[in-house]
file start.cif (mmCIF, C-alpha atoms)
data_input
loop_
_atom_site.label_atom_id
_atom_site.label_comp_id
_atom_site.auth_asym_id
_atom_site.auth_seq_id
_atom_site.Cartn_x
_atom_site.Cartn_y
_atom_site.Cartn_z
CA MET A 1 -78.73 7.07 68.93
CA LEU A 2 -76.78 8.67 66.11
CA ILE A 3 -73.93 6.45 64.93
CA GLY A 4 -71.22 8.18 62.93
CA ILE A 5 -69.04 6.02 60.67
CA ASP A 6 -65.85 6.87 58.79
CA ALA A 7 -66.83 5.44 55.39
CA SER A 8 -63.83 6.77 53.47
CA ARG A 9 -62.12 3.41 52.99
CA ALA A 10 -65.28 1.83 51.60
CA LEU A 11 -65.21 4.23 48.63
CA ARG A 12 -62.08 2.83 47.02
CA ALA A 13 -62.73 1.46 43.55
CA ARG A 14 -60.33 -1.48 44.00
CA ARG A 15 -61.02 -2.68 47.50
CA THR A 16 -58.84 -5.17 49.32
CA GLY A 17 -59.56 -6.86 52.65
CA THR A 18 -60.03 -3.99 55.09
CA GLU A 19 -61.86 -1.83 52.55
CA ASN A 20 -64.26 -4.67 51.75
CA TYR A 21 -64.78 -5.14 55.48
CA SER A 22 -65.73 -1.48 55.78
CA LEU A 23 -68.17 -1.60 52.88
CA GLN A 24 -69.86 -4.87 53.82
CA LEU A 25 -70.19 -3.95 57.49
CA ILE A 26 -71.70 -0.54 56.72
CA ARG A 27 -74.17 -2.14 54.31
CA HIS A 28 -75.30 -4.68 56.88
CA LEU A 29 -75.46 -2.21 59.76
CA LEU A 30 -77.84 -0.11 57.66
CA ARG A 31 -79.86 -3.20 56.87
CA LEU A 32 -80.52 -4.04 60.53
CA ASP A 33 -83.86 -2.89 61.93
CA SER A 34 -82.07 -1.15 64.79
CA GLY A 35 -84.00 2.11 65.08
CA HIS A 36 -80.72 4.04 65.15
CA ALA A 37 -79.71 6.85 62.81
CA PHE A 38 -76.48 6.65 60.82
CA ARG A 39 -74.16 9.36 59.52
CA LEU A 40 -71.47 8.37 56.99
CA TYR A 41 -68.40 10.58 56.62
CA CYS A 42 -66.95 10.46 53.10
CA HIS A 43 -64.13 12.30 51.37
CA GLN A 44 -65.97 12.16 48.03
CA PRO A 45 -69.54 11.48 46.92
CA PRO A 46 -70.23 7.72 47.04
CA PRO A 47 -71.58 6.00 43.92
CA PRO A 48 -75.37 5.63 43.88
CA ASP A 49 -76.59 2.68 45.97
CA LEU A 50 -73.05 1.78 47.06
CA PHE A 51 -74.18 1.12 50.61
CA ALA A 52 -77.39 -0.74 49.71
CA PRO A 53 -76.86 -4.41 50.72
CA ASN A 54 -79.07 -5.73 47.91
CA ALA A 55 -82.10 -4.78 45.84
CA GLY A 56 -85.31 -4.57 47.83
CA ALA A 57 -83.66 -4.95 51.24
CA ARG A 58 -84.85 -2.90 54.19
CA LEU A 59 -82.34 -0.08 54.50
CA ALA A 60 -81.84 2.77 56.93
CA ALA A 61 -81.26 5.95 54.92
CA PRO A 62 -77.97 7.37 56.19
CA ASP A 63 -76.99 11.01 56.42
CA VAL A 64 -74.02 11.13 54.05
CA ARG A 65 -71.59 13.95 54.87
CA VAL A 66 -69.19 14.60 52.00
CA ILE A 67 -66.14 16.40 53.37
CA ARG A 68 -63.65 17.40 50.72
CA LEU A 69 -59.98 17.97 51.47
CA PRO A 70 -57.08 16.43 49.51
CA ARG A 71 -54.69 16.24 52.45
CA LEU A 72 -55.06 15.75 56.21
CA TRP A 73 -58.69 14.77 55.67
CA THR A 74 -58.90 12.66 58.82
CA HIS A 75 -57.08 14.73 61.42
CA ALA A 76 -58.06 18.18 60.14
CA ARG A 77 -61.34 18.25 58.24
CA LEU A 78 -63.08 15.26 59.83
CA SER A 79 -61.91 16.38 63.27
CA LEU A 80 -63.56 19.78 62.75
CA GLU A 81 -66.77 18.13 61.58
CA LEU A 82 -66.88 15.92 64.66
CA LEU A 83 -66.13 18.88 66.93
CA ALA A 84 -68.95 20.94 65.42
CA SER A 85 -71.55 18.17 65.26
CA PRO A 86 -70.53 15.03 67.17
CA PRO A 87 -72.49 11.78 66.86
CA ASP A 88 -73.45 9.80 69.94
CA VAL A 89 -70.81 7.23 69.05
CA LEU A 90 -68.16 7.18 66.31
CA PHE A 91 -67.11 3.98 64.56
CA VAL A 92 -63.92 3.77 62.46
CA PRO A 93 -63.88 0.37 60.72
CA SER A 94 -60.62 0.48 58.77
CA HIS A 95 -58.68 3.64 59.42
CA VAL A 96 -57.20 5.72 62.22
CA LEU A 97 -59.25 7.72 64.69
CA PRO A 98 -59.21 11.46 63.91
CA ALA A 99 -57.21 13.62 66.32
CA ILE A 100 -60.44 15.15 67.63
CA HIS A 101 -63.11 12.54 68.21
CA PRO A 102 -65.99 11.81 70.60
CA ARG A 103 -65.09 10.09 73.85
CA ARG A 104 -67.43 7.31 72.77
CA SER A 105 -65.40 6.08 69.80
CA VAL A 106 -64.93 2.50 68.59
CA VAL A 107 -62.24 1.38 66.16
CA THR A 108 -61.40 -1.92 64.50
CA ILE A 109 -57.78 -3.10 64.60
CA HIS A 110 -57.35 -5.75 61.93
CA ASP A 111 -53.86 -7.12 62.53
CA LEU A 112 -50.35 -6.48 63.81
CA GLY A 113 -48.49 -8.15 60.98
CA TYR A 114 -46.08 -5.23 60.72
CA HIS A 115 -44.87 -5.99 64.25
CA TRP A 116 -44.19 -9.71 63.81
CA PHE A 117 -42.88 -9.46 60.24
CA PRO A 118 -41.29 -6.00 59.90
CA GLU A 119 -39.25 -7.09 56.88
CA ALA A 120 -42.48 -7.46 54.93
CA HIS A 121 -43.13 -3.70 55.09
CA THR A 122 -41.32 -0.56 54.11
CA ALA A 123 -39.77 1.37 57.00
CA SER A 124 -42.17 4.30 56.53
CA GLY A 125 -45.16 2.00 56.19
CA ARG A 126 -44.20 0.13 59.34
CA ARG A 127 -43.85 3.36 61.34
CA GLN A 128 -47.18 4.64 60.11
CA LEU A 129 -48.97 1.38 60.97
CA ASP A 130 -47.38 1.24 64.40
CA LEU A 131 -48.22 4.85 65.28
CA SER A 132 -51.82 4.66 64.04
CA THR A 133 -52.49 1.33 65.74
CA ARG A 134 -50.90 2.46 69.01
CA PHE A 135 -53.04 5.64 68.88
CA ASN A 136 -56.20 3.64 68.16
CA ALA A 137 -55.56 1.16 70.97
CA ALA A 138 -54.81 3.91 73.50
CA THR A 139 -57.53 6.47 72.72
CA ALA A 140 -60.60 4.53 71.55
CA ALA A 141 -63.26 3.83 74.13
CA HIS A 142 -63.43 0.28 72.80
CA VAL A 143 -61.61 -1.80 70.19
CA LEU A 144 -62.90 -4.48 67.86
CA ALA A 145 -60.51 -7.25 66.78
CA ASP A 146 -61.10 -9.55 63.81
CA SER A 147 -59.95 -12.63 65.70
CA GLN A 148 -58.81 -13.89 69.08
CA ALA A 149 -55.30 -14.06 67.63
CA THR A 150 -55.41 -10.33 66.87
CA LYS A 151 -56.85 -9.51 70.29
CA ASP A 152 -54.03 -11.43 71.97
CA ASP A 153 -51.49 -9.52 69.86
CA ILE A 154 -52.96 -6.13 70.80
CA CYS A 155 -52.86 -6.99 74.49
CA ARG A 156 -49.31 -8.33 74.25
CA VAL A 157 -47.77 -5.57 72.12
CA TYR A 158 -49.61 -2.46 73.34
CA GLY A 159 -50.64 -3.51 76.83
CA THR A 160 -54.33 -2.88 76.10
CA ALA A 161 -56.71 -4.27 78.73
CA SER A 162 -58.44 -7.43 77.58
CA ASP A 163 -61.89 -6.14 78.55
CA LYS A 164 -61.42 -3.15 76.25
CA ILE A 165 -61.32 -5.45 73.19
CA THR A 166 -64.17 -7.48 71.71
CA VAL A 167 -63.57 -10.16 69.08
CA VAL A 168 -66.03 -9.92 66.19
CA HIS A 169 -65.37 -12.38 63.39
CA LEU A 170 -65.79 -11.05 59.88
CA GLY A 171 -68.27 -12.36 57.34
CA ARG A 172 -68.05 -13.48 53.77
CA ASP A 173 -69.75 -12.28 50.62
CA GLU A 174 -72.84 -14.49 50.45
CA SER A 175 -73.16 -13.87 46.72
CA LEU A 176 -70.03 -16.02 46.24
CA ARG A 177 -71.21 -19.46 45.20
CA PRO A 178 -69.78 -22.25 43.03
CA VAL A 179 -69.92 -21.58 39.31
CA ASN A 180 -70.74 -24.76 37.39
CA ASP A 181 -71.35 -23.32 33.92
CA PRO A 182 -68.47 -24.68 31.76
CA GLN A 183 -68.67 -21.76 29.36
CA ARG A 184 -68.44 -19.20 32.14
CA LEU A 185 -65.44 -21.01 33.60
CA ARG A 186 -63.74 -21.08 30.19
CA ASP A 187 -64.47 -17.43 29.56
CA VAL A 188 -62.85 -16.31 32.81
CA ARG A 189 -59.81 -18.58 32.35
CA SER A 190 -59.34 -17.20 28.85
CA LYS A 191 -59.86 -13.59 29.96
CA LEU A 192 -57.24 -13.89 32.70
CA GLY A 193 -54.69 -15.67 30.51
CA ILE A 194 -54.80 -19.02 32.30
CA ASP A 195 -55.64 -21.13 29.28
CA ARG A 196 -53.25 -21.11 26.35
CA ASP A 197 -54.10 -21.70 22.69
CA GLY A 198 -57.53 -22.93 23.69
CA GLN A 199 -56.05 -25.61 25.95
CA THR A 200 -57.54 -25.89 29.44
CA ARG A 201 -54.81 -25.83 32.08
CA PRO A 202 -55.29 -26.88 35.73
CA TYR A 203 -54.28 -24.19 38.16
CA LEU A 204 -53.46 -23.50 41.78
CA LEU A 205 -54.77 -20.11 42.84
CA TYR A 206 -53.81 -17.32 45.23
CA VAL A 207 -55.91 -14.14 45.46
CA GLY A 208 -54.73 -11.09 47.39
CA THR A 209 -52.28 -8.22 47.33
CA LEU A 210 -48.83 -9.14 46.02
CA GLN A 211 -46.59 -8.27 48.96
CA PRO A 212 -43.98 -10.00 51.15
CA ARG A 213 -46.36 -10.79 54.05
CA LYS A 214 -48.30 -13.11 51.77
CA ASN A 215 -45.22 -15.39 51.53
CA LEU A 216 -45.41 -15.71 47.75
CA VAL A 217 -41.68 -16.25 47.16
CA ARG A 218 -41.79 -19.43 49.26
CA LEU A 219 -44.99 -20.44 47.47
CA ILE A 220 -43.25 -20.02 44.11
CA ASP A 221 -40.28 -22.07 45.34
CA ALA A 222 -42.65 -24.81 46.52
CA PHE A 223 -44.54 -24.75 43.23
CA ALA A 224 -41.28 -25.23 41.34
CA THR A 225 -40.89 -28.65 43.01
CA VAL A 226 -44.38 -29.88 42.01
CA VAL A 227 -44.86 -28.12 38.69
CA ASP A 228 -44.28 -31.29 36.65
CA ILE A 229 -46.51 -33.60 38.71
CA VAL A 230 -49.56 -32.53 36.71
CA PRO A 231 -49.11 -31.73 33.00
CA ASP A 232 -49.59 -28.04 32.22
CA LEU A 233 -50.15 -27.17 35.88
CA VAL A 234 -49.93 -23.41 36.49
CA LEU A 235 -49.87 -21.15 39.53
CA VAL A 236 -52.12 -18.09 39.34
CA LEU A 237 -51.16 -15.20 41.63
CA ALA A 238 -54.08 -12.80 41.27
CA GLY A 239 -54.09 -9.36 42.83
CA GLN A 240 -52.66 -5.89 42.57
CA ARG A 241 -49.03 -5.08 43.37
CA GLY A 242 -48.32 -4.05 46.93
CA TRP A 243 -45.16 -2.68 48.44
CA LEU A 244 -41.89 -4.60 47.98
CA ALA A 245 -43.42 -6.84 45.31
CA GLU A 246 -40.39 -6.93 43.00
CA PRO A 247 -38.76 -10.08 44.52
CA ILE A 248 -41.92 -12.03 43.72
CA PHE A 249 -41.62 -11.37 39.99
CA ARG A 250 -37.86 -11.77 40.06
CA ARG A 251 -38.11 -15.24 41.63
CA VAL A 252 -40.35 -16.45 38.81
CA ASP A 253 -37.71 -15.43 36.27
CA GLU A 254 -34.87 -16.95 38.31
CA LEU A 255 -36.63 -20.33 38.37
CA GLY A 256 -37.57 -20.23 34.70
CA LEU A 257 -41.29 -20.35 35.49
CA ALA A 258 -42.45 -17.60 33.17
CA GLY A 259 -45.61 -18.92 31.57
CA ARG A 260 -46.22 -21.35 34.42
CA VAL A 261 -46.79 -18.60 37.01
CA ILE A 262 -49.46 -16.17 35.88
CA PHE A 263 -50.10 -12.65 37.18
CA PRO A 264 -53.56 -11.56 35.96
CA GLY A 265 -53.64 -8.48 38.22
CA PHE A 266 -56.68 -7.29 40.13
CA VAL A 267 -59.68 -9.55 39.52
CA ALA A 268 -63.10 -7.93 39.10
CA ASP A 269 -65.83 -9.00 41.51
CA ASP A 270 -67.85 -10.48 38.65
CA ASP A 271 -64.99 -12.81 37.66
CA LEU A 272 -63.94 -13.92 41.14
CA PRO A 273 -66.53 -16.70 41.71
CA ALA A 274 -65.64 -18.45 38.45
CA LEU A 275 -61.91 -18.05 39.08
CA LEU A 276 -62.24 -19.62 42.55
CA SER A 277 -64.62 -22.34 41.38
CA GLY A 278 -62.33 -23.49 38.59
CA ALA A 279 -59.18 -23.80 40.72
CA LEU A 280 -57.67 -27.18 41.49
CA ALA A 281 -56.98 -25.69 44.94
CA PHE A 282 -56.70 -22.32 46.65
CA VAL A 283 -53.31 -21.70 48.29
CA PHE A 284 -52.84 -19.12 51.03
CA PRO A 285 -49.57 -19.66 52.95
CA SER A 286 -49.56 -16.14 54.40
CA LEU A 287 -47.06 -15.31 57.12
CA TYR A 288 -49.68 -13.47 59.16
CA GLU A 289 -53.39 -12.67 58.87
CA GLY A 290 -55.72 -10.81 61.19
CA PHE A 291 -58.58 -12.91 59.84
CA GLY A 292 -58.25 -14.35 56.33
CA ILE A 293 -61.41 -13.63 54.32
CA PRO A 294 -59.90 -15.14 51.11
CA VAL A 295 -60.00 -18.57 52.77
CA LEU A 296 -63.76 -18.29 53.32
CA GLU A 297 -64.36 -16.90 49.84
CA ALA A 298 -62.52 -19.82 48.28
CA GLN A 299 -64.38 -22.35 50.44
CA ALA A 300 -67.74 -20.78 49.59
CA CYS A 301 -66.97 -21.40 45.90
CA GLY A 302 -65.93 -25.01 46.47
CA ALA A 303 -62.16 -24.66 46.24
CA PRO A 304 -60.09 -26.94 48.52
CA VAL A 305 -57.80 -24.76 50.64
CA LEU A 306 -54.17 -24.96 51.73
CA SER A 307 -53.40 -22.36 54.37
CA SER A 308 -50.91 -21.43 57.09
CA ASN A 309 -51.02 -22.92 60.57
CA THR A 310 -50.19 -19.57 62.22
CA SER A 311 -51.89 -16.34 63.39
CA SER A 312 -55.67 -16.33 62.91
CA LEU A 313 -55.86 -18.83 60.07
CA PRO A 314 -56.35 -21.99 62.18
CA GLU A 315 -59.06 -20.05 64.06
CA VAL A 316 -60.85 -19.24 60.82
CA ALA A 317 -60.25 -22.43 58.83
CA GLY A 318 -60.24 -25.01 61.62
CA ASP A 319 -60.21 -28.55 60.23
CA SER A 320 -61.58 -27.48 56.86
CA ALA A 321 -58.20 -26.62 55.29
CA LEU A 322 -54.83 -28.31 54.86
CA LEU A 323 -52.61 -26.33 57.25
CA VAL A 324 -48.85 -26.02 56.77
CA ASP A 325 -45.95 -24.13 58.34
CA PRO A 326 -45.56 -20.99 56.17
CA LEU A 327 -41.85 -20.72 57.00
CA ASP A 328 -41.12 -24.26 55.75
CA THR A 329 -40.92 -24.35 51.96
CA ALA A 330 -40.71 -28.15 51.98
CA ALA A 331 -43.93 -28.34 54.02
CA ILE A 332 -45.70 -26.05 51.55
CA ALA A 333 -44.44 -28.18 48.65
CA ALA A 334 -45.60 -31.39 50.37
CA GLY A 335 -49.03 -29.86 50.87
CA LEU A 336 -49.24 -28.82 47.22
CA ALA A 337 -48.19 -32.30 46.12
CA ARG A 338 -50.94 -33.88 48.25
CA LEU A 339 -53.56 -31.56 46.82
CA VAL A 340 -52.69 -32.08 43.17
CA THR A 341 -52.41 -35.88 43.45
CA ASP A 342 -55.20 -36.79 45.88
CA PRO A 343 -58.74 -36.19 44.57
CA GLU A 344 -60.25 -37.72 47.71
CA LEU A 345 -58.45 -35.14 49.84
CA ARG A 346 -59.70 -32.35 47.60
CA ASN A 347 -63.28 -33.63 47.84
CA SER A 348 -63.02 -33.92 51.63
CA LEU A 349 -61.67 -30.38 51.96
CA ARG A 350 -64.33 -29.09 49.57
CA THR A 351 -67.14 -30.54 51.68
CA ALA A 352 -65.62 -29.32 54.94
CA GLY A 353 -65.02 -25.90 53.40
CA PHE A 354 -68.67 -25.40 52.50
CA ALA A 355 -69.69 -26.14 56.09
CA ASN A 356 -67.02 -23.87 57.54
CA ALA A 357 -67.77 -20.88 55.29
CA ALA A 358 -71.46 -21.11 56.16
CA GLN A 359 -70.66 -20.24 59.79
CA PHE A 360 -69.49 -16.72 58.92
CA SER A 361 -71.88 -13.98 57.80
CA TRP A 362 -71.83 -10.20 57.57
CA ASP A 363 -75.24 -10.09 59.20
CA ARG A 364 -73.85 -11.69 62.36
CA CYS A 365 -70.79 -9.42 62.19
CA ALA A 366 -73.07 -6.36 61.94
CA ARG A 367 -75.26 -7.45 64.86
CA GLU A 368 -72.27 -8.10 67.13
CA THR A 369 -70.69 -4.80 66.10
CA LEU A 370 -73.92 -2.91 66.76
CA SER A 371 -74.11 -4.49 70.22
CA VAL A 372 -70.67 -3.07 71.04
CA LEU A 373 -71.63 0.38 69.71
CA GLU A 374 -74.77 0.34 71.86
CA ARG A 375 -72.82 -0.64 74.97
CA VAL A 376 -70.25 2.11 74.41
CA SER A 377 -72.95 4.71 73.78
CA ALA A 378 -74.73 3.75 77.00
CA ALA A 379 -71.58 3.67 79.12
#

call {"tool": "encode", "arguments": {"input": "start.cif", "output": "structure tokens"}}
result
Amino acid sequence: MLIGIDASRALRARRTGTENYSLQLIRHLLRLDSGHAFRLYCHQPPPPDLFAPNAGARLAAPDVRVIRLPRLWTHARLSLELLASPPDVLFVPSHVLPAIHPRRSVVTIHDLGYHWFPEAHTASGRRQLDLSTRFNAATAAHVLADSQATKDDICRVYGTASDKITVVHLGRDESLRPVNDPQRLRDVRSKLGIDRDGQTRPYLLYVGTLQPRKNLVRLIDAFATVVDIVPDLVLVLAGQRGWLAEPIFRRVDELGLAGRVIFPGFVADDDLPALLSGALAFVFPSLYEGFGIPVLEAQACGAPVLSSNTSSLPEVAGDSALLVDPLDTAAIAAGLARLVTDPELRNSLRTAGFANAAQFSWDRCARETLSVLERVSAA
């Protein structure tokens, strides 16, 4: 069959969670020896070899359709393309279905965080997310959900039939491994401004978009209570600014933590393994996650993890992370205190984290996704 895929989100230069999902899944779908043909719809020419999973890997050569239009690309230009030359099945991994689409269309819904935590989004952003998700859930022939938690939310909020949704867990970047080279670790700490005046400073690390849903104000408040337990301890909040990020920076100034809370911005892929490997612990007290890839990435690099005990995170982390109530600042602080003072706990979480991260792969995600696309095409 001919599988059409909206690849537009995979082309972003600075990819966050859903864009990385799109890229990795497309790469691994092409890598499967499926016998199917693939057509990728793009709004601009993709960089050479962007969709190749790795050098020398078996790869289906996709038909790349570059469709240029600065506005209304999805509902106008892509719709016309699909009307003129429809694939056997359309897959939209991290976007909204176009207004005109084949009856056999599959879409991934990643989370409903905007519904449970509306204050963490702008009013316009919340409306857009609600409308696009409602449209996806109602009109797609089948829906993929990142986790059972997300599937349950879709059924509860939009009344979608359970048998219309398949849970397919995401994978992790298998190139992420512990970095043990002391010089490489020092270079990345220095580059990102963690070390000061040549002095190595221990750090707690968060990686992700800086936005209210990530619960960073409570994390900063919790850090303020443990900052003096370990000399020179710093909190690194790595990632690009999202919407409503100003209170995060303001809270650091209010608590007098400038210099002890570091904002290095977006971290390049080449620097991420060393940054994760060098952390005293990875902290991810998010209010809501559809899956939580950063937890697996940290575990794959040997970082002990503190995470939330809500939404999909217990499903993803299981017993391999220290789970806390994200709405309880005291609980977050107690968890941080345990991590920075208990090396046996850190070692235990590190070992459990390696085992947990090994269970998730993009190859398995691609095979399970392909199975759904085949079922929908044959229906």

call {"tool": "closest_residue", "arguments": {"input": "start.cif", "among": "A:Ala333, A:Ala279, A:Ala238, A:Leu131", "to": "Thr200 of chain A", "atoms": "only C-alpha atoms"}}
result
A:Ala279

call {"tool": "closest_residue", "arguments": {"input": "start.cif", "among": "A:Ser175, A:Ser371, A:Thr108, A:Ser162", "to": "Val143 of chain A", "atoms": "all atoms listed in the file"}}
result
A:Thr108

call {"tool": "closest_residue", "arguments": {"input": "start.cif", "among": "A:Ala99, A:Gln240, A:Asp6, A:Arg375", "to": "Leu83 of chain A", "atoms": "only C-alpha atoms"}}
result
A:Ala99

call {"tool": "closest_residue", "arguments": {"input": "start.cif", "among": "A:Ser94, A:Ser8, A:Ser147, A:Ser34", "to": "Arg367 of chain A", "atoms": "only C-alpha atoms"}}
result
A:Ser34

call {"tool": "residues_around", "arguments": {"input": "start.cif", "residues": "Ala76 of chain A", "least_positions_apart": "3", "cutoff": "8 Å", "atoms": "only C-alpha atoms", "output": "MDAnalysis selection string"}}
result
chainID A and resid 72:73 79:80 98:99

call {"tool": "resolve_selection", "arguments": {"input": "start.cif", "expression": "the PyMOL selection byres ((chain A and resi 300-306) around 9)", "output": "PyMOL selection string"}}
result
chain A and resi 172-174+176-179+273-274+276-285+295-299+307-308+317+320-324+332+335-336+339+345-358

call {"tool": "residues_around", "arguments": {"input": "start.cif", "residues": "Arg12 of chain A", "least_positions_apart": "3", "cutoff": "12 Å", "atoms": "all atoms listed in the file", "output": "list in words"}}
result
Ala7, Ser8, Arg9, Arg15, Thr16, Gly17, Thr18, Glu19, Asn20, Tyr21, Ser22, Leu23, Cys42, His43, Gln44, Pro45, Pro46, Pro47 and Leu50 of chain A

call {"tool": "write_last_selection", "arguments": {"input": "start.cif", "atoms": "C-alpha atoms", "output": "PDB file, keeping the file's coordinate frame"}}
result
ATOM      1  CA  ALA A   7     -66.830   5.440  55.390  1.00  0.00           C
ATOM      2  CA  SER A   8     -63.830   6.770  53.470  1.00  0.00           C
ATOM      3  CA  ARG A   9     -62.120   3.410  52.990  1.00  0.00           C
ATOM      4  CA  ARG A  15     -61.020  -2.680  47.500  1.00  0.00           C
ATOM      5  CA  THR A  16     -58.840  -5.170  49.320  1.00  0.00           C
ATOM      6  CA  GLY A  17     -59.560  -6.860  52.650  1.00  0.00           C
ATOM      7  CA  THR A  18     -60.030  -3.990  55.090  1.00  0.00           C
ATOM      8  CA  GLU A  19     -61.860  -1.830  52.550  1.00  0.00           C
ATOM      9  CA  ASN A  20     -64.260  -4.670  51.750  1.00  0.00           C
ATOM     10  CA  TYR A  21     -64.780  -5.140  55.480  1.00  0.00           C
ATOM     11  CA  SER A  22     -65.730  -1.480  55.780  1.00  0.00           C
ATOM     12  CA  LEU A  23     -68.170  -1.600  52.880  1.00  0.00           C
ATOM     13  CA  CYS A  42     -66.950  10.460  53.100  1.00  0.00           C
ATOM     14  CA  HIS A  43     -64.130  12.300  51.370  1.00  0.00           C
ATOM     15  CA  GLN A  44     -65.970  12.160  48.030  1.00  0.00           C
ATOM     16  CA  PRO A  45     -69.540  11.480  46.920  1.00  0.00           C
ATOM     17  CA  PRO A  46     -70.230   7.720  47.040  1.00  0.00           C
ATOM     18  CA  PRO A  47     -71.580   6.000  43.920  1.00  0.00           C
ATOM     19  CA  LEU A  50     -73.050   1.780  47.060  1.00  0.00           C
TER      20      LEU A  50
END

call {"tool": "closest_residue", "arguments": {"input": "start.cif", "among": "A:Ala141, A:Ala61, A:Leu82, A:Leu210", "to": "Phe249 of chain A", "atoms": "all atoms listed in the file"}}
result
A:Leu210

call {"tool": "closest_residue", "arguments": {"input": "start.cif", "among": "A:Arg68, A:Leu373, A:Ser286, A:Gln211", "to": "Gly4 of chain A", "atoms": "all atoms listed in the file"}}
result
A:Leu373

call {"tool": "residues_around", "arguments": {"input": "start.cif", "residues": "Asp153 of chain A", "least_positions_apart": "6", "cutoff": "10 Å", "atoms": "only C-alpha atoms", "output": "list in words"}}
result
Asp111, Leu112, Gly113, His115, Trp116, Ala145, Ser147, Gly159, Thr160, Gly290 and Ser311 of chain A

call {"tool": "atom_distance", "arguments": {"input": "start.cif", "atom1": "atom CA of Gly171 of chain A", "atom2": "atom CA of Phe360 of chain A"}}
result
4.8 Å

call {"tool": "atom_distance", "arguments": {"input": "start.cif", "atom1": "atom CA of Ser312 of chain A", "atom2": "atom CA of Leu170 of chain A"}}
result
11.8 Å

call {"tool": "resolve_selection", "arguments": {"input": "start.cif", "expression": "the PyMOL selection byres ((chain A and resi 107) around 12)", "output": "JSON, numbers by chain"}}
result
{"A": [4, 5, 6, 22, 89, 90, 91, 92, 93, 94, 95, 96, 97, 98, 101, 102, 103, 104, 105, 106, 108, 109, 110, 132, 133, 134, 135, 136, 137, 138, 139, 140, 141, 142, 143, 144, 145, 146, 164, 165, 166, 167, 168, 369, 372, 373, 376]}

call {"tool": "axis_aligned_box", "arguments": {"input": "start.cif", "around": "segment 334-351 of chain A", "padding_each_side": "5 Å", "output": "AutoDock Vina command-line options"}}
result
--center_x -56.4 --center_y -33.3 --center_z 47.6 --size_x 31.5 --size_y 18.9 --size_z 18.8

call {"tool": "resolve_selection", "arguments": {"input": "start.cif", "expression": "the PyMOL selection byres ((chain A and resi 199) around 12)", "output": "number ranges by chain"}}
result
A: 186, 189-190, 193-198, 200-202, 231-233

call {"tool": "write_last_selection", "arguments": {"input": "start.cif", "atoms": "C-alpha atoms", "output": "PDB file, in the coordinates of the input"}}
result
ATOM      1  CA  ARG A 186     -63.740 -21.080  30.190  1.00  0.00           C
ATOM      2  CA  ARG A 189     -59.810 -18.580  32.350  1.00  0.00           C
ATOM      3  CA  SER A 190     -59.340 -17.200  28.850  1.00  0.00           C
ATOM      4  CA  GLY A 193     -54.690 -15.670  30.510  1.00  0.00           C
ATOM      5  CA  ILE A 194     -54.800 -19.020  32.300  1.00  0.00           C
ATOM      6  CA  ASP A 195     -55.640 -21.130  29.280  1.00  0.00           C
ATOM      7  CA  ARG A 196     -53.250 -21.110  26.350  1.00  0.00           C
ATOM      8  CA  ASP A 197     -54.100 -21.700  22.690  1.00  0.00           C
ATOM      9  CA  GLY A 198     -57.530 -22.930  23.690  1.00  0.00           C
ATOM     10  CA  THR A 200     -57.540 -25.890  29.440  1.00  0.00           C
ATOM     11  CA  ARG A 201     -54.810 -25.830  32.080  1.00  0.00           C
ATOM     12  CA  PRO A 202     -55.290 -26.880  35.730  1.00  0.00           C
ATOM     13  CA  PRO A 231     -49.110 -31.730  33.000  1.00  0.00           C
ATOM     14  CA  ASP A 232     -49.590 -28.040  32.220  1.00  0.00           C
ATOM     15  CA  LEU A 233     -50.150 -27.170  35.880  1.00  0.00           C
TER      16      LEU A 233
END

call {"tool": "residues_near_point", "arguments": {"input": "start.cif", "point": "(-77.2, 4.1, 55.2)", "cutoff": "9 Å", "atoms": "all atoms listed in the file", "output": "list in words"}}
result
Ile26, Arg27, Leu29, Leu30, Arg31, Ala37, Phe38, Arg39, Leu40, Phe51, Ala52, Leu59, Ala60, Ala61, Pro62, Asp63 and Val64 of chain A

call {"tool": "atom_distance", "arguments": {"input": "start.cif", "atom1": "atom CA of Glu374 of chain A", "atom2": "atom CA of Asp88 of chain A"}}
result
9.7 Å

call {"tool": "residues_near_point", "arguments": {"input": "start.cif", "point": "(-42.9, -18.2, 36.4)", "cutoff": "9 Å", "atoms": "all atoms listed in the file", "output": "number ranges by chain"}}
result
A: 220, 224, 234-235, 249-262

call {"tool": "build_atoms", "arguments": {"input": "start.cif", "residues": "segment 111-116 of chain A", "atoms": "N, CA and C atoms", "output": "tab-separated table (two decimals), in the coordinates of the input"}}
result
chain	number	residue	atom	x	y	z
A	111	ASP	N	-54.99	-6.21	62.30
A	111	ASP	CA	-53.86	-7.12	62.53
A	111	ASP	C	-52.63	-6.33	62.94
A	112	LEU	N	-51.64	-7.06	63.43
A	112	LEU	CA	-50.35	-6.48	63.81
A	112	LEU	C	-49.23	-7.17	63.04
A	113	GLY	N	-49.49	-7.48	61.79
A	113	GLY	CA	-48.49	-8.15	60.98
A	113	GLY	C	-47.20	-7.38	60.85
A	114	TYR	N	-47.28	-6.06	60.84
A	114	TYR	CA	-46.08	-5.23	60.72
A	114	TYR	C	-45.15	-5.41	61.91
A	115	HIS	N	-45.71	-5.80	63.06
A	115	HIS	CA	-44.87	-5.99	64.25
A	115	HIS	C	-44.13	-7.32	64.20
A	116	TRP	N	-44.81	-8.38	63.80
A	116	TRP	CA	-44.19	-9.71	63.81
A	116	TRP	C	-43.33	-9.95	62.57
